[in-house]
file target_10.cif (mmCIF, C-alpha atoms, pLDDT in the B column; chains and numbers go by the auth columns)
data_my_file
loop_
_atom_site.group_PDB
_atom_site.id
_atom_site.type_symbol
_atom_site.label_atom_id
_atom_site.label_comp_id
_atom_site.label_asym_id
_atom_site.label_seq_id
_atom_site.Cartn_x
_atom_site.Cartn_y
_atom_site.Cartn_z
_atom_site.B_iso_or_equiv
_atom_site.auth_seq_id
_atom_site.auth_asym_id
ATOM 1 C CA MET A 1 24.117 7.586 -0.617 53.00 1 A
ATOM 2 C CA SER A 2 24.714 9.894 2.312 58.00 2 A
ATOM 3 C CA GLN A 3 22.684 13.048 2.704 62.00 3 A
ATOM 4 C CA PRO A 4 24.297 16.259 3.984 65.00 4 A
ATOM 5 C CA PRO A 5 23.399 17.304 7.524 63.00 5 A
ATOM 6 C CA VAL A 6 20.264 19.403 7.881 65.00 6 A
ATOM 7 C CA PRO A 7 20.688 22.625 9.849 62.00 7 A
ATOM 8 C CA VAL A 8 18.119 23.027 12.632 62.00 8 A
ATOM 9 C CA ILE A 9 17.347 26.326 14.342 61.00 9 A
ATOM 10 C CA ARG A 10 16.642 26.673 18.047 61.00 10 A
ATOM 11 C CA PRO A 11 16.396 29.720 20.305 60.00 11 A
ATOM 12 C CA ALA A 12 19.665 30.400 22.102 58.00 12 A
ATOM 13 C CA GLY A 13 18.033 32.776 24.581 57.00 13 A
ATOM 14 C CA THR A 14 16.900 36.335 24.839 49.00 14 A
ATOM 15 C CA GLU A 15 18.958 39.397 25.491 50.00 15 A
ATOM 16 C CA GLY A 16 17.317 41.937 27.742 51.00 16 A
ATOM 17 C CA GLY A 17 13.902 40.929 26.456 50.00 17 A
ATOM 18 C CA ALA A 18 14.613 42.740 23.182 59.00 18 A
ATOM 19 C CA GLY A 19 14.467 39.651 20.971 66.00 19 A
ATOM 20 C CA ARG A 20 15.796 36.206 20.320 72.00 20 A
ATOM 21 C CA SER A 21 18.982 34.894 18.826 77.00 21 A
ATOM 22 C CA PHE A 22 19.211 31.495 17.160 79.00 22 A
ATOM 23 C CA ARG A 23 21.819 28.781 16.755 82.00 23 A
ATOM 24 C CA PHE A 24 22.050 26.217 13.978 87.00 24 A
ATOM 25 C CA ARG A 25 22.726 22.540 14.528 88.00 25 A
ATOM 26 C CA ASN A 26 23.496 19.694 12.143 92.00 26 A
ATOM 27 C CA VAL A 27 21.006 16.818 12.226 93.00 27 A
ATOM 28 C CA THR A 28 21.226 13.516 10.355 94.00 28 A
ATOM 29 C CA VAL A 29 18.733 10.703 9.766 95.00 29 A
ATOM 30 C CA ALA A 30 20.030 7.188 10.436 95.00 30 A
ATOM 31 C CA PRO A 31 18.711 3.676 11.120 96.00 31 A
ATOM 32 C CA ASN A 32 17.533 3.219 14.703 96.00 32 A
ATOM 33 C CA ASP A 33 19.645 0.376 16.076 93.00 33 A
ATOM 34 C CA ASP A 34 18.683 0.960 19.708 95.00 34 A
ATOM 35 C CA PRO A 35 17.699 -2.228 21.602 95.00 35 A
ATOM 36 C CA ASP A 36 14.170 -0.871 22.151 96.00 36 A
ATOM 37 C CA ALA A 37 13.633 0.144 18.497 96.00 37 A
ATOM 38 C CA GLU A 38 10.838 -1.409 16.481 97.00 38 A
ATOM 39 C CA PRO A 39 11.957 -4.468 14.499 97.00 39 A
ATOM 40 C CA THR A 40 12.743 -4.382 10.788 97.00 40 A
ATOM 41 C CA THR A 41 9.973 -6.209 8.938 98.00 41 A
ATOM 42 C CA LEU A 42 9.677 -7.643 5.427 98.00 42 A
ATOM 43 C CA ARG A 43 6.709 -8.484 3.213 98.00 43 A
ATOM 44 C CA PHE A 44 6.651 -9.714 -0.375 98.00 44 A
ATOM 45 C CA VAL A 45 3.857 -8.665 -2.732 98.00 45 A
ATOM 46 C CA CYS A 46 3.178 -10.480 -5.992 97.00 46 A
ATOM 47 C CA ALA A 47 3.551 -7.973 -8.844 96.00 47 A
ATOM 48 C CA VAL A 48 1.173 -10.014 -11.008 94.00 48 A
ATOM 49 C CA CYS A 49 -1.888 -10.516 -8.765 94.00 49 A
ATOM 50 C CA GLU A 50 -0.972 -8.129 -5.906 96.00 50 A
ATOM 51 C CA GLU A 51 -1.457 -10.810 -3.243 96.00 51 A
ATOM 52 C CA SER A 52 0.837 -10.156 -0.291 97.00 52 A
ATOM 53 C CA GLY A 53 2.543 -12.378 2.199 97.00 53 A
ATOM 54 C CA PRO A 54 2.678 -11.842 5.943 98.00 54 A
ATOM 55 C CA GLU A 55 4.817 -9.143 7.540 98.00 55 A
ATOM 56 C CA VAL A 56 7.742 -11.027 9.100 98.00 56 A
ATOM 57 C CA GLU A 57 11.124 -10.245 10.650 97.00 57 A
ATOM 58 C CA SER A 58 13.078 -12.968 8.813 96.00 58 A
ATOM 59 C CA GLN A 59 14.075 -12.783 5.151 96.00 59 A
ATOM 60 C CA GLY A 60 13.833 -16.584 4.998 97.00 60 A
ATOM 61 C CA GLU A 61 10.178 -16.492 6.088 97.00 61 A
ATOM 62 C CA ALA A 62 9.395 -13.792 3.519 97.00 62 A
ATOM 63 C CA GLU A 63 11.098 -15.760 0.745 97.00 63 A
ATOM 64 C CA ALA A 64 9.273 -18.937 1.788 98.00 64 A
ATOM 65 C CA TRP A 65 5.958 -17.176 1.167 97.00 65 A
ATOM 66 C CA ALA A 66 7.100 -15.982 -2.293 97.00 66 A
ATOM 67 C CA LEU A 67 8.253 -19.492 -3.266 96.00 67 A
ATOM 68 C CA GLY A 68 4.983 -20.969 -2.009 96.00 68 A
ATOM 69 C CA HIS A 69 3.031 -18.383 -3.983 96.00 69 A
ATOM 70 C CA LEU A 70 5.054 -19.219 -7.098 95.00 70 A
ATOM 71 C CA LYS A 71 4.215 -22.932 -6.733 93.00 71 A
ATOM 72 C CA HIS A 72 0.539 -22.160 -6.144 92.00 72 A
ATOM 73 C CA SER A 73 0.335 -19.757 -9.102 91.00 73 A
ATOM 74 C CA ALA A 74 2.107 -22.235 -11.417 89.00 74 A
ATOM 75 C CA ALA A 75 -0.775 -24.661 -10.847 88.00 75 A
ATOM 76 C CA ALA A 76 -3.382 -21.945 -11.511 83.00 76 A
ATOM 77 C CA HIS A 77 -4.921 -21.174 -14.880 79.00 77 A
ATOM 78 C CA ASP A 78 -3.020 -17.864 -15.339 82.00 78 A
ATOM 79 C CA GLY A 79 0.459 -19.404 -15.107 88.00 79 A
ATOM 80 C CA PRO A 80 3.360 -18.840 -12.710 93.00 80 A
ATOM 81 C CA HIS A 81 3.930 -15.483 -11.072 95.00 81 A
ATOM 82 C CA TYR A 82 7.643 -14.664 -11.264 96.00 82 A
ATOM 83 C CA SER A 83 7.673 -10.980 -10.234 97.00 83 A
ATOM 84 C CA TYR A 84 7.562 -9.747 -6.628 97.00 84 A
ATOM 85 C CA LEU A 85 8.045 -6.511 -4.735 98.00 85 A
ATOM 86 C CA LEU A 86 9.734 -6.479 -1.346 97.00 86 A
ATOM 87 C CA HIS A 87 8.302 -4.037 1.195 97.00 87 A
ATOM 88 C CA MET A 88 10.678 -3.418 4.078 97.00 88 A
ATOM 89 C CA THR A 89 9.899 -1.353 7.156 97.00 89 A
ATOM 90 C CA ARG A 90 12.967 -0.225 9.064 97.00 90 A
ATOM 91 C CA PRO A 91 12.979 2.181 12.002 97.00 91 A
ATOM 92 C CA PHE A 92 14.974 5.396 11.585 97.00 92 A
ATOM 93 C CA GLN A 93 15.665 8.304 13.890 96.00 93 A
ATOM 94 C CA THR A 94 17.111 11.769 13.709 94.00 94 A
ATOM 95 C CA ARG A 95 20.438 12.297 15.437 92.00 95 A
ATOM 96 C CA PRO A 96 21.575 15.729 16.535 91.00 96 A
ATOM 97 C CA GLY A 97 25.084 16.714 15.530 90.00 97 A
ATOM 98 C CA ARG A 98 27.370 19.542 16.454 89.00 98 A
ATOM 99 C CA TRP A 99 26.246 23.119 16.894 87.00 99 A
ATOM 100 C CA LEU A 100 27.306 25.387 14.076 86.00 100 A
#

call {"tool": "encode", "arguments": {"input": "target_10.cif", "output": "structure tokens"}}
result
Amino acid sequence: MSQPPVPVIRPAGTEGGAGRSFRFRNVTVAPNDDPDAEPTTLRFVCAVCEESGPEVESQGEAEAWALGHLKHSAAAHDGPHYSYLLHMTRPFQTRPGRWL
């Protein structure tokens, strides 16, 4: 779902020292795909016991922890834990658009 651009105000200058005028600019928020951006990380949390796996960059590694936790919990006295929450951290940035 795309959000509408957010107008941003910045001083455009002063006229004879009497005051300021302002211009509006569209700004959007988007994923930061720059090469130097922080990596996207994933971490599963068991919804039953709230134990969490490691923060990793690969979905396969995150799923491996959840499957291992399921096997471990199935052998425990409280039965298998089937419900998990995925926590994802993804870098975003604001991007200036055209002046209005």

call {"tool": "resolve_selection", "arguments": {"input": "target_10.cif", "expression": "the PyMOL selection byres ((chain A and resi 67) around 12)", "output": "short mmCIF file (atom, residue, chain, number, x, y, z; two decimals) with C-alpha atoms, in the coordinates of the input"}}
result
data_model
loop_
_atom_site.label_atom_id
_atom_site.label_comp_id
_atom_site.auth_asym_id
_atom_site.auth_seq_id
_atom_site.Cartn_x
_atom_site.Cartn_y
_atom_site.Cartn_z
CA PHE A 44 6.65 -9.71 -0.38
CA VAL A 45 3.86 -8.66 -2.73
CA CYS A 46 3.18 -10.48 -5.99
CA GLY A 53 2.54 -12.38 2.20
CA GLY A 60 13.83 -16.58 5.00
CA GLU A 61 10.18 -16.49 6.09
CA ALA A 62 9.40 -13.79 3.52
CA GLU A 63 11.10 -15.76 0.74
CA ALA A 64 9.27 -18.94 1.79
CA TRP A 65 5.96 -17.18 1.17
CA ALA A 66 7.10 -15.98 -2.29
CA GLY A 68 4.98 -20.97 -2.01
CA HIS A 69 3.03 -18.38 -3.98
CA LEU A 70 5.05 -19.22 -7.10
CA LYS A 71 4.22 -22.93 -6.73
CA HIS A 72 0.54 -22.16 -6.14
CA SER A 73 0.34 -19.76 -9.10
CA ALA A 74 2.11 -22.24 -11.42
CA PRO A 80 3.36 -18.84 -12.71
CA HIS A 81 3.93 -15.48 -11.07
CA TYR A 82 7.64 -14.66 -11.26
CA SER A 83 7.67 -10.98 -10.23
CA TYR A 84 7.56 -9.75 -6.63
#

call {"tool": "atom_distance", "arguments": {"input": "target_10.cif", "atom1": "CA of Val56 in chain A", "atom2": "CA of Arg43 in chain A"}}
result
6.5 Å

call {"tool": "closest_residue", "arguments": {"input": "target_10.cif", "among": "A:Arg23, A:Ala37, A:Ala47, A:Leu100", "to": "Leu86 in chain A", "atoms": "all atoms listed in the file"}}
result
A:Ala47

call {"tool": "atom_distance", "arguments": {"input": "target_10.cif", "atom1": "CA of Gln93 in chain A", "atom2": "CA of Thr28 in chain A"}}
result
8.4 Å

call {"tool": "resolve_selection", "arguments": {"input": "target_10.cif", "expression": "the PyMOL selection byres ((chain A and resi 89) around 10)", "output": "mmCIF file with C-alpha atoms, in the coordinates of the input"}}
result
data_model
loop_
_atom_site.group_PDB
_atom_site.id
_atom_site.type_symbol
_atom_site.label_atom_id
_atom_site.label_comp_id
_atom_site.auth_asym_id
_atom_site.auth_seq_id
_atom_site.Cartn_x
_atom_site.Cartn_y
_atom_site.Cartn_z
ATOM 1 C CA GLU A 38 10.838 -1.409 16.481
ATOM 2 C CA PRO A 39 11.957 -4.468 14.499
ATOM 3 C CA THR A 40 12.743 -4.382 10.788
ATOM 4 C CA THR A 41 9.973 -6.209 8.938
ATOM 5 C CA LEU A 42 9.677 -7.643 5.427
ATOM 6 C CA ARG A 43 6.709 -8.484 3.213
ATOM 7 C CA GLU A 55 4.817 -9.143 7.540
ATOM 8 C CA GLU A 57 11.124 -10.245 10.650
ATOM 9 C CA LEU A 86 9.734 -6.479 -1.346
ATOM 10 C CA HIS A 87 8.302 -4.037 1.195
ATOM 11 C CA MET A 88 10.678 -3.418 4.078
ATOM 12 C CA ARG A 90 12.967 -0.225 9.064
ATOM 13 C CA PRO A 91 12.979 2.181 12.002
ATOM 14 C CA PHE A 92 14.974 5.396 11.585
#

call {"tool": "closest_residue", "arguments": {"input": "target_10.cif", "among": "A:Ala30, A:Pro35, A:Glu51, A:Phe22", "to": "Pro96 in chain A", "atoms": "all atoms listed in the file"}}
result
A:Ala30

call {"tool": "resolve_selection", "arguments": {"input": "target_10.cif", "expression": "the PyMOL selection byres ((chain A and resi 98) around 6)", "output": "PDB file with C-alpha atoms, in the frame of the given file"}}
result
ATOM      1  CA  ARG A  25      22.726  22.540  14.528  1.00 88.00           C
ATOM      2  CA  ASN A  26      23.496  19.694  12.143  1.00 92.00           C
ATOM      3  CA  GLY A  97      25.084  16.714  15.530  1.00 90.00           C
ATOM      4  CA  TRP A  99      26.246  23.119  16.894  1.00 87.00           C
TER       5      TRP A  99
END

call {"tool": "atom_distance", "arguments": {"input": "target_10.cif", "atom1": "CA of Thr94 in chain A", "atom2": "CA of Ser21 in chain A"}}
result
23.8 Å
